[in-house]
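Heads up, data-v2.pdb below (PDB, C-alpha atoms, pLDDT in the B column):
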ATOM      1  CA  MET A 848      -3.728  12.845  -6.100  1.00 55.00           C
ATOM      2  CA  VAL A 849      -3.238  12.865  -9.876  1.00 49.00           C
ATOM      3  CA  PRO A 850      -0.371  10.628 -11.067  1.00 62.00           C
ATOM      4  CA  MET A 851       2.799  12.730 -11.278  1.00 55.00           C
ATOM      5  CA  THR A 852       3.798  11.761 -14.811  1.00 53.00           C
ATOM      6  CA  GLY A 853       5.044  15.206 -15.802  1.00 52.00           C
ATOM      7  CA  PHE A 854       7.158  15.992 -12.744  1.00 59.00           C
ATOM      8  CA  ALA A 855      10.943  15.761 -13.138  1.00 65.00           C
ATOM      9  CA  ALA A 856      12.457  14.242  -9.997  1.00 80.00           C
ATOM     10  CA  SER A 857      15.997  14.943  -8.852  1.00 93.00           C
ATOM     11  CA  PRO A 858      18.321  12.380  -7.236  1.00 95.00           C
ATOM     12  CA  PHE A 859      18.167  14.292  -3.954  1.00 96.00           C
ATOM     13  CA  ALA A 860      14.371  14.540  -3.977  1.00 96.00           C
ATOM     14  CA  LEU A 861      14.002  10.836  -4.748  1.00 97.00           C
ATOM     15  CA  SER A 862      16.431   9.842  -1.991  1.00 97.00           C
ATOM     16  CA  ALA A 863      14.838  12.217   0.529  1.00 97.00           C
ATOM     17  CA  SER A 864      11.367  10.901  -0.290  1.00 97.00           C
ATOM     18  CA  TYR A 865      12.479   7.330   0.272  1.00 98.00           C
ATOM     19  CA  ALA A 866      14.213   8.245   3.537  1.00 98.00           C
ATOM     20  CA  SER A 867      11.029   9.982   4.735  1.00 97.00           C
ATOM     21  CA  LEU A 868       8.976   6.891   3.942  1.00 97.00           C
ATOM     22  CA  LEU A 869      11.346   4.677   5.913  1.00 96.00           C
ATOM     23  CA  GLY A 870      11.490   7.125   8.809  1.00 97.00           C
ATOM     24  CA  VAL A 871       7.731   7.428   9.207  1.00 96.00           C
ATOM     25  CA  ASN A 872       7.207   3.667   8.925  1.00 94.00           C
ATOM     26  CA  ALA A 873       9.950   2.988  11.460  1.00 94.00           C
ATOM     27  CA  ALA A 874       8.438   5.499  13.874  1.00 96.00           C
ATOM     28  CA  TYR A 875       4.957   3.992  13.746  1.00 94.00           C
ATOM     29  CA  GLY A 876       6.284   0.468  13.575  1.00 91.00           C
ATOM     30  CA  THR A 877       8.145   0.823  16.858  1.00 93.00           C
ATOM     31  CA  GLY A 878       5.949   3.438  18.504  1.00 95.00           C
ATOM     32  CA  LEU A 879       9.036   5.347  19.705  1.00 94.00           C
ATOM     33  CA  ASN A 880       8.817   3.915  23.203  1.00 88.00           C
ATOM     34  CA  GLY A 881       5.124   4.623  23.594  1.00 90.00           C
ATOM     35  CA  ARG A 882       5.117   8.127  22.156  1.00 93.00           C
ATOM     36  CA  LEU A 883       3.214   7.034  19.037  1.00 95.00           C
ATOM     37  CA  PRO A 884       0.486   4.422  18.477  1.00 95.00           C
ATOM     38  CA  THR A 885       1.837   1.457  16.546  1.00 94.00           C
ATOM     39  CA  ASN A 886       0.005  -0.045  13.592  1.00 89.00           C
ATOM     40  CA  ALA A 887      -0.358  -3.254  15.581  1.00 88.00           C
ATOM     41  CA  LEU A 888      -2.155  -1.379  18.352  1.00 93.00           C
ATOM     42  CA  ILE A 889      -4.452   0.451  15.935  1.00 93.00           C
ATOM     43  CA  SER A 890      -5.190  -2.773  14.072  1.00 88.00           C
ATOM     44  CA  SER A 891      -6.217  -4.501  17.280  1.00 89.00           C
ATOM     45  CA  GLU A 892      -8.788  -1.740  17.820  1.00 93.00           C
ATOM     46  CA  TYR A 893      -9.953  -1.472  14.204  1.00 92.00           C
ATOM     47  CA  GLU A 894      -9.910  -5.021  12.893  1.00 85.00           C
ATOM     48  CA  THR A 895     -12.167  -5.977   9.990  1.00 84.00           C
ATOM     49  CA  SER A 896     -13.353  -9.249   8.511  1.00 80.00           C
ATOM     50  CA  VAL A 897     -10.843  -8.698   5.681  1.00 86.00           C
ATOM     51  CA  THR A 898      -7.800  -7.746   7.764  1.00 85.00           C
ATOM     52  CA  PRO A 899      -5.033 -10.152   6.655  1.00 88.00           C
ATOM     53  CA  VAL A 900      -3.083 -12.208   9.166  1.00 87.00           C
ATOM     54  CA  GLY A 901      -0.116 -10.335  10.595  1.00 83.00           C
ATOM     55  CA  ALA A 902       2.496 -12.332   8.673  1.00 89.00           C
ATOM     56  CA  THR A 903       1.047 -10.958   5.427  1.00 92.00           C
ATOM     57  CA  PHE A 904       2.495  -7.540   6.192  1.00 91.00           C
ATOM     58  CA  ALA A 905       6.006  -8.959   5.897  1.00 93.00           C
ATOM     59  CA  ILE A 906       5.568  -8.084   2.211  1.00 96.00           C
ATOM     60  CA  TRP A 907       6.762  -4.601   3.152  1.00 95.00           C
ATOM     61  CA  GLY A 908      10.243  -6.041   3.664  1.00 95.00           C
ATOM     62  CA  PRO A 909      10.765  -6.949  -0.023  1.00 97.00           C
ATOM     63  CA  ILE A 910       9.007  -3.735  -1.093  1.00 98.00           C
ATOM     64  CA  PHE A 911      11.252  -1.495   0.999  1.00 97.00           C
ATOM     65  CA  VAL A 912      14.466  -3.351   0.150  1.00 98.00           C
ATOM     66  CA  SER A 913      13.880  -3.578  -3.594  1.00 98.00           C
ATOM     67  CA  GLN A 914      12.692   0.024  -3.826  1.00 98.00           C
ATOM     68  CA  GLY A 915      15.681   1.100  -1.754  1.00 98.00           C
ATOM     69  CA  VAL A 916      18.086  -0.550  -4.185  1.00 98.00           C
ATOM     70  CA  GLY A 917      16.119   0.912  -7.097  1.00 98.00           C
ATOM     71  CA  THR A 918      16.304   4.357  -5.520  1.00 98.00           C
ATOM     72  CA  ALA A 919      20.074   4.054  -5.111  1.00 98.00           C
ATOM     73  CA  LEU A 920      20.485   2.923  -8.709  1.00 97.00           C
ATOM     74  CA  MET A 921      18.364   5.752 -10.085  1.00 96.00           C
ATOM     75  CA  ALA A 922      19.887   8.416  -7.833  1.00 96.00           C
ATOM     76  CA  SER A 923      23.403   7.315  -8.818  1.00 96.00           C
ATOM     77  CA  GLY A 924      22.608   7.396 -12.526  1.00 95.00           C
ATOM     78  CA  ALA A 925      22.972   3.646 -13.016  1.00 95.00           C
ATOM     79  CA  LEU A 926      19.325   3.554 -14.103  1.00 95.00           C
ATOM     80  CA  PRO A 927      17.235   6.356 -15.644  1.00 92.00           C
ATOM     81  CA  MET A 928      14.864   8.134 -13.273  1.00 91.00           C
ATOM     82  CA  ALA A 929      12.373   9.385 -15.829  1.00 84.00           C
ATOM     83  CA  PRO A 930      10.084   6.339 -16.183  1.00 88.00           C
ATOM     84  CA  VAL A 931       8.957   5.921 -12.553  1.00 95.00           C
ATOM     85  CA  ALA A 932      10.687   8.255 -10.078  1.00 96.00           C
ATOM     86  CA  PRO A 933       7.911  10.913 -10.010  1.00 96.00           C
ATOM     87  CA  MET A 934       5.203   8.287  -9.433  1.00 97.00           C
ATOM     88  CA  TRP A 935       7.245   6.490  -6.793  1.00 98.00           C
ATOM     89  CA  MET A 936       7.629   9.782  -4.931  1.00 97.00           C
ATOM     90  CA  ALA A 937       3.914  10.536  -5.218  1.00 97.00           C
ATOM     91  CA  THR A 938       3.052   7.064  -3.940  1.00 98.00           C
ATOM     92  CA  TRP A 939       5.413   7.408  -0.997  1.00 98.00           C
ATOM     93  CA  ALA A 940       3.915  10.802  -0.160  1.00 97.00           C
ATOM     94  CA  CYS A 941       0.438   9.266  -0.133  1.00 98.00           C
ATOM     95  CA  GLU A 942       1.656   6.385   2.039  1.00 98.00           C
ATOM     96  CA  VAL A 943       3.210   8.807   4.519  1.00 97.00           C
ATOM     97  CA  VAL A 944       0.034  10.893   4.676  1.00 98.00           C
ATOM     98  CA  TRP A 945      -1.998   7.687   5.066  1.00 97.00           C
ATOM     99  CA  GLN A 946       0.115   6.700   8.041  1.00 97.00           C
ATOM    100  CA  LEU A 947      -0.238  10.089   9.720  1.00 97.00           C
ATOM    101  CA  VAL A 948      -4.000  10.241   9.147  1.00 97.00           C
ATOM    102  CA  PHE A 949      -4.593   6.620  10.092  1.00 97.00           C
ATOM    103  CA  ALA A 950      -2.710   7.128  13.337  1.00 96.00           C
ATOM    104  CA  SER A 951      -5.162   9.911  14.232  1.00 97.00           C
ATOM    105  CA  VAL A 952      -8.066   7.487  14.773  1.00 97.00           C
ATOM    106  CA  PRO A 953      -9.507   7.561  18.308  1.00 97.00           C
ATOM    107  CA  LEU A 954      -7.920   5.090  20.743  1.00 96.00           C
ATOM    108  CA  PRO A 955      -9.418   3.086  22.212  1.00 95.00           C
ATOM    109  CA  ALA A 956     -11.977   2.724  19.445  1.00 94.00           C
ATOM    110  CA  LYS A 957     -14.901   2.602  21.862  1.00 94.00           C
ATOM    111  CA  SER A 958     -14.002   6.088  23.095  1.00 96.00           C
ATOM    112  CA  ALA A 959     -15.541   7.768  20.034  1.00 96.00           C
ATOM    113  CA  ASP A 960     -18.572   7.436  17.797  1.00 96.00           C
ATOM    114  CA  ASP A 961     -18.576   6.398  14.156  1.00 95.00           C
ATOM    115  CA  GLN A 962     -18.698   9.976  12.890  1.00 96.00           C
ATOM    116  CA  ARG A 963     -15.437  10.841  14.625  1.00 97.00           C
ATOM    117  CA  LYS A 964     -13.777   7.656  13.385  1.00 97.00           C
ATOM    118  CA  LEU A 965     -14.811   8.422   9.807  1.00 97.00           C
ATOM    119  CA  VAL A 966     -13.070  11.793  10.037  1.00 98.00           C
ATOM    120  CA  SER A 967      -9.814   9.804  10.016  1.00 98.00           C
ATOM    121  CA  LEU A 968     -10.822   6.667   8.121  1.00 97.00           C
ATOM    122  CA  VAL A 969     -12.279   8.337   5.015  1.00 97.00           C
ATOM    123  CA  PRO A 970      -9.214  10.445   4.111  1.00 98.00           C
ATOM    124  CA  ALA A 971      -6.991   7.479   5.000  1.00 97.00           C
ATOM    125  CA  ALA A 972      -8.851   5.352   2.455  1.00 97.00           C
ATOM    126  CA  GLY A 973      -8.560   8.203  -0.046  1.00 98.00           C
ATOM    127  CA  MET A 974      -4.779   8.212   0.389  1.00 98.00           C
ATOM    128  CA  LEU A 975      -4.683   4.490  -0.371  1.00 97.00           C
ATOM    129  CA  VAL A 976      -6.650   5.053  -3.575  1.00 97.00           C
ATOM    130  CA  ALA A 977      -4.222   7.814  -4.574  1.00 98.00           C
ATOM    131  CA  ALA A 978      -1.180   5.706  -3.705  1.00 98.00           C
ATOM    132  CA  HIS A 979      -2.434   2.775  -5.765  1.00 98.00           C
ATOM    133  CA  THR A 980      -3.290   5.057  -8.685  1.00 97.00           C
ATOM    134  CA  ASN A 981       0.222   6.508  -8.772  1.00 97.00           C
ATOM    135  CA  MET A 982       2.000   3.158  -8.518  1.00 98.00           C
ATOM    136  CA  VAL A 983      -0.175   1.633 -11.243  1.00 97.00           C
ATOM    137  CA  ALA A 984       0.623   4.699 -13.353  1.00 97.00           C
ATOM    138  CA  ALA A 985       4.313   3.917 -12.773  1.00 97.00           C
ATOM    139  CA  ALA A 986       3.780   0.363 -14.009  1.00 97.00           C
ATOM    140  CA  TRP A 987       2.038   1.574 -17.149  1.00 96.00           C
ATOM    141  CA  ARG A 988       4.763   4.153 -17.691  1.00 95.00           C
ATOM    142  CA  LEU A 989       7.293   1.325 -17.708  1.00 96.00           C
ATOM    143  CA  THR A 990       5.483  -0.284 -20.633  1.00 95.00           C
ATOM    144  CA  GLU A 991       6.369   2.818 -22.666  1.00 93.00           C
ATOM    145  CA  HIS A 992      10.059   2.258 -21.888  1.00 91.00           C
ATOM    146  CA  SER A 993      10.235  -1.506 -22.369  1.00 85.00           C
ATOM    147  CA  ALA A 994      12.995  -1.151 -24.972  1.00 84.00           C
ATOM    148  CA  SER A 995      15.362   0.222 -22.316  1.00 83.00           C
ATOM    149  CA  SER A 996      14.764  -2.616 -19.867  1.00 86.00           C
ATOM    150  CA  SER A 997      17.615  -4.551 -18.241  1.00 94.00           C
ATOM    151  CA  ILE A 998      18.110  -7.172 -15.539  1.00 95.00           C
ATOM    152  CA  LEU A 999      18.824  -4.417 -13.014  1.00 96.00           C
ATOM    153  CA  ARG A1000      15.695  -2.495 -13.935  1.00 96.00           C
ATOM    154  CA  ALA A1001      13.543  -5.628 -13.967  1.00 96.00           C
ATOM    155  CA  CYS A1002      14.678  -6.603 -10.450  1.00 97.00           C
ATOM    156  CA  PHE A1003      14.832  -3.227  -8.733  1.00 98.00           C
ATOM    157  CA  VAL A1004      12.370  -0.998 -10.596  1.00 97.00           C
ATOM    158  CA  ASP A1005       9.844  -3.131 -12.484  1.00 98.00           C
ATOM    159  CA  PHE A1006       9.359  -5.807  -9.807  1.00 98.00           C
ATOM    160  CA  PRO A1007       8.971  -3.471  -6.792  1.00 98.00           C
ATOM    161  CA  THR A1008       6.635  -1.249  -8.822  1.00 98.00           C
ATOM    162  CA  GLY A1009       4.329  -4.196  -9.478  1.00 98.00           C
ATOM    163  CA  LEU A1010       4.702  -5.552  -5.947  1.00 98.00           C
ATOM    164  CA  ASN A1011       3.795  -2.221  -4.348  1.00 98.00           C
ATOM    165  CA  ALA A1012       0.936  -1.583  -6.774  1.00 98.00           C
ATOM    166  CA  GLY A1013      -0.540  -5.027  -6.154  1.00 97.00           C
ATOM    167  CA  TRP A1014      -0.351  -4.674  -2.392  1.00 97.00           C
ATOM    168  CA  LEU A1015      -1.877  -1.201  -2.520  1.00 97.00           C
ATOM    169  CA  ALA A1016      -4.847  -2.605  -4.452  1.00 96.00           C
ATOM    170  CA  ALA A1017      -5.486  -4.964  -1.534  1.00 95.00           C
ATOM    171  CA  ALA A1018      -4.846  -2.214   1.008  1.00 95.00           C
ATOM    172  CA  THR A1019      -7.372   0.018  -0.757  1.00 96.00           C
ATOM    173  CA  GLY A1020     -10.018  -2.685  -0.530  1.00 93.00           C
ATOM    174  CA  ILE A1021      -9.274  -3.175   3.156  1.00 92.00           C
ATOM    175  CA  GLY A1022      -9.382   0.576   3.800  1.00 94.00           C
ATOM    176  CA  ILE A1023     -12.741   0.945   2.055  1.00 92.00           C
ATOM    177  CA  THR A1024     -14.112  -2.002   4.019  1.00 91.00           C
ATOM    178  CA  LEU A1025     -12.980  -0.336   7.236  1.00 92.00           C
ATOM    179  CA  VAL A1026     -14.869   2.817   6.251  1.00 93.00           C
ATOM    180  CA  ALA A1027     -17.988   0.807   5.379  1.00 91.00           C
ATOM    181  CA  GLN A1028     -17.802  -0.909   8.749  1.00 91.00           C
ATOM    182  CA  HIS A1029     -18.567   2.435  10.402  1.00 92.00           C
ATOM    183  CA  ILE A1030     -21.457   3.422   8.104  1.00 92.00           C
ATOM    184  CA  PRO A1031     -24.683   1.696   9.189  1.00 88.00           C
ATOM    185  CA  ALA A1032     -26.179   1.691   5.668  1.00 83.00           C
ATOM    186  CA  ALA A1033     -23.096  -0.008   4.211  1.00 83.00           C
ATOM    187  CA  LYS A1034     -22.062  -2.213   7.098  1.00 79.00           C
ATOM    188  CA  GLN A1035     -24.005  -5.309   6.083  1.00 75.00           C
ATOM    189  CA  THR A1036     -23.377  -5.088   2.353  1.00 75.00           C
ATOM    190  CA  LEU A1037     -19.730  -3.973   2.198  1.00 73.00           C
ATOM    191  CA  ALA A1038     -18.383  -5.106   5.564  1.00 69.00           C
ATOM    192  CA  GLY A1039     -20.509  -8.157   6.316  1.00 71.00           C
ATOM    193  CA  PRO A1040     -19.398 -11.753   6.912  1.00 71.00           C
ATOM    194  CA  ASN A1041     -18.912 -12.356   3.185  1.00 79.00           C
ATOM    195  CA  ALA A1042     -16.756  -9.267   2.664  1.00 79.00           C
ATOM    196  CA  GLY A1043     -13.546 -11.311   2.678  1.00 76.00           C
ATOM    197  CA  ALA A1044     -14.719 -13.614  -0.094  1.00 84.00           C
ATOM    198  CA  VAL A1045     -15.969 -10.678  -2.147  1.00 86.00           C
ATOM    199  CA  LEU A1046     -12.700  -8.747  -1.749  1.00 87.00           C
ATOM    200  CA  VAL A1047     -10.606 -11.792  -2.651  1.00 89.00           C
ATOM    201  CA  GLY A1048     -12.729 -12.316  -5.757  1.00 92.00           C
ATOM    202  CA  LEU A1049     -12.378  -8.689  -6.828  1.00 92.00           C
ATOM    203  CA  LEU A1050      -8.632  -8.631  -6.149  1.00 93.00           C
ATOM    204  CA  THR A1051      -8.151 -11.855  -8.095  1.00 94.00           C
ATOM    205  CA  ALA A1052     -10.064 -10.579 -11.110  1.00 96.00           C
ATOM    206  CA  TYR A1053      -8.415  -7.149 -11.078  1.00 95.00           C
ATOM    207  CA  GLY A1054      -4.997  -8.606 -10.353  1.00 96.00           C
ATOM    208  CA  THR A1055      -5.272 -11.156 -13.156  1.00 96.00           C
ATOM    209  CA  ALA A1056      -6.316  -8.516 -15.671  1.00 97.00           C
ATOM    210  CA  THR A1057      -3.510  -6.154 -14.618  1.00 97.00           C
ATOM    211  CA  THR A1058      -0.900  -8.927 -14.607  1.00 97.00           C
ATOM    212  CA  LEU A1059      -1.860 -10.074 -18.103  1.00 97.00           C
ATOM    213  CA  ALA A1060      -1.856  -6.499 -19.396  1.00 96.00           C
ATOM    214  CA  LEU A1061       1.673  -5.910 -18.077  1.00 97.00           C
ATOM    215  CA  SER A1062       3.157  -9.319 -18.767  1.00 95.00           C
ATOM    216  CA  SER A1063       4.335  -8.831 -22.352  1.00 94.00           C
ATOM    217  CA  ALA A1064       5.996  -5.413 -21.956  1.00 95.00           C
ATOM    218  CA  VAL A1065       7.195  -5.490 -18.316  1.00 96.00           C
ATOM    219  CA  PRO A1066       7.183  -9.076 -17.005  1.00 97.00           C
ATOM    220  CA  GLY A1067       8.993  -7.973 -13.836  1.00 97.00           C
ATOM    221  CA  ALA A1068       6.131  -5.659 -12.882  1.00 97.00           C
ATOM    222  CA  ALA A1069       3.590  -8.333 -13.800  1.00 98.00           C
ATOM    223  CA  LEU A1070       5.366 -10.856 -11.571  1.00 98.00           C
ATOM    224  CA  GLY A1071       5.424  -8.401  -8.672  1.00 98.00           C
ATOM    225  CA  TYR A1072       1.752  -7.548  -9.075  1.00 98.00           C
ATOM    226  CA  ALA A1073       0.755 -11.216  -9.222  1.00 97.00           C
ATOM    227  CA  ALA A1074       2.873 -12.036  -6.157  1.00 97.00           C
ATOM    228  CA  ALA A1075       1.357  -9.226  -4.088  1.00 97.00           C
ATOM    229  CA  THR A1076      -2.178 -10.170  -5.099  1.00 96.00           C
ATOM    230  CA  GLY A1077      -1.593 -13.816  -4.170  1.00 96.00           C
ATOM    231  CA  ILE A1078      -0.045 -12.956  -0.808  1.00 96.00           C
ATOM    232  CA  ALA A1079      -2.860 -10.528   0.037  1.00 94.00           C
ATOM    233  CA  CYS A1080      -5.586 -12.990  -0.913  1.00 93.00           C
ATOM    234  CA  MET A1081      -4.021 -15.791   1.136  1.00 93.00           C
ATOM    235  CA  GLY A1082      -3.728 -13.451   4.123  1.00 92.00           C
ATOM    236  CA  ILE A1083      -7.338 -12.344   3.866  1.00 88.00           C
ATOM    237  CA  GLU A1084      -8.617 -15.912   3.502  1.00 83.00           C
ATOM    238  CA  ALA A1085      -6.663 -17.150   6.548  1.00 73.00           C
ATOM    239  CA  PRO A1086      -8.849 -18.327   9.468  1.00 57.00           C
ATOM    240  CA  PRO A1087     -10.070 -15.331  11.530  1.00 56.00           C
ATOM    241  CA  THR A1088      -8.979 -17.079  14.740  1.00 47.00           C
ATOM    242  CA  HIS A1089      -5.328 -17.058  13.646  1.00 43.00           C
ATOM    243  CA  PRO A1090      -3.283 -15.732  16.599  1.00 39.00           C
ATOM    244  CA  GLN A1091      -1.268 -13.384  14.389  1.00 41.00           C
ATOM    245  CA  ARG A1092      -4.196 -11.784  12.620  1.00 45.00           C
ATOM    246  CA  GLY A1093      -3.797  -8.033  12.394  1.00 47.00           C
ATOM    247  CA  GLY A1094      -0.763  -5.756  12.305  1.00 49.00           C
ATOM    248  CA  ALA A1095      -1.924  -2.944  10.036  1.00 51.00           C
ATOM    249  CA  PRO A1096      -5.315  -2.889   8.377  1.00 46.00           C
ATOM    250  CA  ALA A1097      -4.264  -1.208   5.192  1.00 48.00           C
ATOM    251  CA  GLY A1098      -0.952   0.399   4.307  1.00 58.00           C
TER     252      GLY A1098
END
So that I can check it, write out the structure of this file as structure tokens.
Amino acid sequence: MVPMTGFAASPFALSASYASLLGVNAAYGTGLNGRLPTNALISSEYETSVTPVGATFAIWGPIFVSQGVGTALMASGALPMAPVAPMWMATWACEVVWQLVFASVPLPAKSADDQRKLVSLVPAAGMLVAAHTNMVAAAWRLTEHSASSSILRACFVDFPTGLNAGWLAAATGIGITLVAQHIPAAKQTLAGPNAGAVLVGLLTAYGTATTLALSSAVPGAALGYAAATGIACMGIEAPPTHPQRGGAPAG
């Protein structure tokens, strides 16, 4: 999905998009009394060597809350929508599609072959790439509007933009690793025992470069990106025998 930099969002569309994101996540988080597979269940079937410990996914709490406040501020006119609203909506759309596609993986995992699993895992990874691309585009868009920054914007637009973008970078790496795990030719190189160390190294390098690039114009976004990268790397490096490992392998 190409970053939606030219799309003019309306207050209703922004609010509806956010509500849809919350609704879908709540549905798959709870499982609706067994009617839907939860992310925890799917993760237990499709764990990777780079799946962070379960506590790592608590990062979605600050992301949802801060973006919710930001949505309310933009929809009410207290903050301008133009800089990031279109990219936020595009990211949320990708995250919703990721959830729906990811939930279509065969359960239990041993009930299907790798080809069938890849039918779900490949487009799911693609949605993570698209989501990250749009949220990073939002962060860069904010650098063009640094003169109009304020405490409110820094806390509830800049920071959650960076936080979500940073987490999605990690989620993308995890999603790609999950795909590689089901491709024999790539399993040893991209999903082997050293995959965690490699992913942490790549995330650290990419995260550092992105944080430094954003730091002068939008320090709030830079702080969020750095925080998400640090949390993701600590979760990935946690001992694989941790009892709370798992929860959701990507988004």
Legend entry - Distance criterion (only C-alpha atoms): nearest to Pro884 in chain A out of A:Val916, A:Leu954, A:Ala959, A:Ala1027: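 Ranking A:Val916, A:Leu954, A:Ala959, A:Ala1027 by distance to Pro884 in chain A, first place goes to A:Leu954.
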Sorted by chain and rising residue number, list the residues of range 966-1008 of chain A at most 12 Å from range 1067-1074 of chain A (counting all atoms listed in the file), each with its closest atom pair and distance in Å to one decimal, as CSV.
residue,atom,partner,partner_atom,distance
A:His979,CA,A:Tyr1072,CA,11.6
A:Met982,CA,A:Ala1068,CA,10.7
A:Val983,CA,A:Tyr1072,CA,9.6
A:Ala984,CA,A:Ala1068,CA,11.7
A:Ala985,CA,A:Ala1068,CA,9.7
A:Ala986,CA,A:Ala1068,CA,6.6
A:Trp987,CA,A:Ala1068,CA,9.3
A:Arg988,CA,A:Ala1068,CA,11.0
A:Leu989,CA,A:Ala1068,CA,8.6
A:Thr990,CA,A:Ala1068,CA,9.5
A:Ser993,CA,A:Gly1067,CA,10.8
A:Ser996,CA,A:Gly1067,CA,9.9
A:Ser997,CA,A:Gly1067,CA,10.3
A:Ile998,CA,A:Gly1067,CA,9.3
A:Leu999,CA,A:Gly1067,CA,10.5
A:Arg1000,CA,A:Gly1067,CA,8.7
A:Ala1001,CA,A:Gly1067,CA,5.1
A:Cys1002,CA,A:Gly1067,CA,6.8
A:Phe1003,CA,A:Gly1067,CA,9.1
A:Val1004,CA,A:Ala1068,CA,8.1
A:Asp1005,CA,A:Ala1068,CA,4.5
A:Phe1006,CA,A:Ala1068,CA,4.5
A:Pro1007,CA,A:Gly1071,CA,6.4
A:Thr1008,CA,A:Ala1068,CA,6.0
Inset, instruction - Name the residues that the PyMOL selection byres ((chain A and resi 1055) around 12) pulls out of this structure, and write them as a PyMOL selection string. - result: chain A and resi 1013+1047-1054+1056-1062+1069-1077
Legend entry - Atom-to-atom span, CA of Leu888 in chain A and CA of Gln914 in chain A, Å: 26.7 Å
Legend entry - Residues in the PyMOL selection byres ((chain A and resi 1084) around 10), expressed as an NGL selection string: :A and (896-900 or 1043-1044 or 1046-1047 or 1079-1083 or 1085-1087)
Legend entry - Selected residue, from A:Leu869, A:Ala1032, A:Ile1023, A:Ala1042, that lies nearest to Gly908 in chain A when counting only C-alpha atoms: A:Leu869
Inset, instruction - Find the residues near Ser967 in chain A: any atom within 10 Å, counting all atoms listed in the file, skip ones fewer than 4 places away on the same chain, and give them as a PyMOL selection string. - result: chain A and resi 945+947-953+962-963+971-972+1026
Can you write range 881-886 of chain A from the block above with all heavy atoms, as a short mmCIF file (atom, residue, chain, number, x, y, z; two decimals), in the first residue's frame?
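What follows is the written file out.cif:
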data_model
loop_
_atom_site.label_atom_id
_atom_site.label_comp_id
_atom_site.auth_asym_id
_atom_site.auth_seq_id
_atom_site.Cartn_x
_atom_site.Cartn_y
_atom_site.Cartn_z
N GLY A 881 -14.69 -18.00 22.11
CA GLY A 881 -14.35 -19.17 21.32
C GLY A 881 -14.77 -19.11 19.87
O GLY A 881 -14.49 -20.04 19.10
N ARG A 882 -15.41 -18.02 19.47
CA ARG A 882 -15.85 -17.93 18.06
C ARG A 882 -14.71 -17.54 17.13
O ARG A 882 -14.81 -17.78 15.92
CB ARG A 882 -17.00 -16.94 17.95
CG ARG A 882 -18.31 -17.43 18.56
CD ARG A 882 -19.48 -16.54 18.18
NE ARG A 882 -19.42 -15.25 18.84
CZ ARG A 882 -19.96 -15.00 20.04
NH1 ARG A 882 -20.57 -15.97 20.70
NH2 ARG A 882 -19.88 -13.79 20.57
N LEU A 883 -13.66 -16.93 17.67
CA LEU A 883 -12.51 -16.52 16.86
C LEU A 883 -11.23 -17.03 17.51
O LEU A 883 -11.16 -17.13 18.74
CB LEU A 883 -12.44 -14.99 16.74
CG LEU A 883 -13.56 -14.28 15.99
CD1 LEU A 883 -13.39 -12.77 16.13
CD2 LEU A 883 -13.56 -14.68 14.52
N PRO A 884 -10.20 -17.32 16.72
CA PRO A 884 -8.91 -17.71 17.31
C PRO A 884 -8.22 -16.47 17.88
O PRO A 884 -8.17 -15.43 17.22
CB PRO A 884 -8.13 -18.28 16.12
CG PRO A 884 -8.70 -17.56 14.93
CD PRO A 884 -10.17 -17.36 15.24
N THR A 885 -7.73 -16.56 19.08
CA THR A 885 -7.02 -15.42 19.66
C THR A 885 -5.58 -15.39 19.15
O THR A 885 -5.04 -16.41 18.70
CB THR A 885 -7.00 -15.50 21.19
OG1 THR A 885 -6.25 -16.67 21.57
CG2 THR A 885 -8.42 -15.60 21.75
N ASN A 886 -4.97 -14.22 19.26
CA ASN A 886 -3.56 -14.11 18.87
C ASN A 886 -2.67 -15.00 19.74
O ASN A 886 -1.65 -15.51 19.28
CB ASN A 886 -3.10 -12.66 18.95
CG ASN A 886 -3.59 -11.85 17.78
OD1 ASN A 886 -3.87 -12.38 16.71
ND2 ASN A 886 -3.72 -10.54 17.96
#
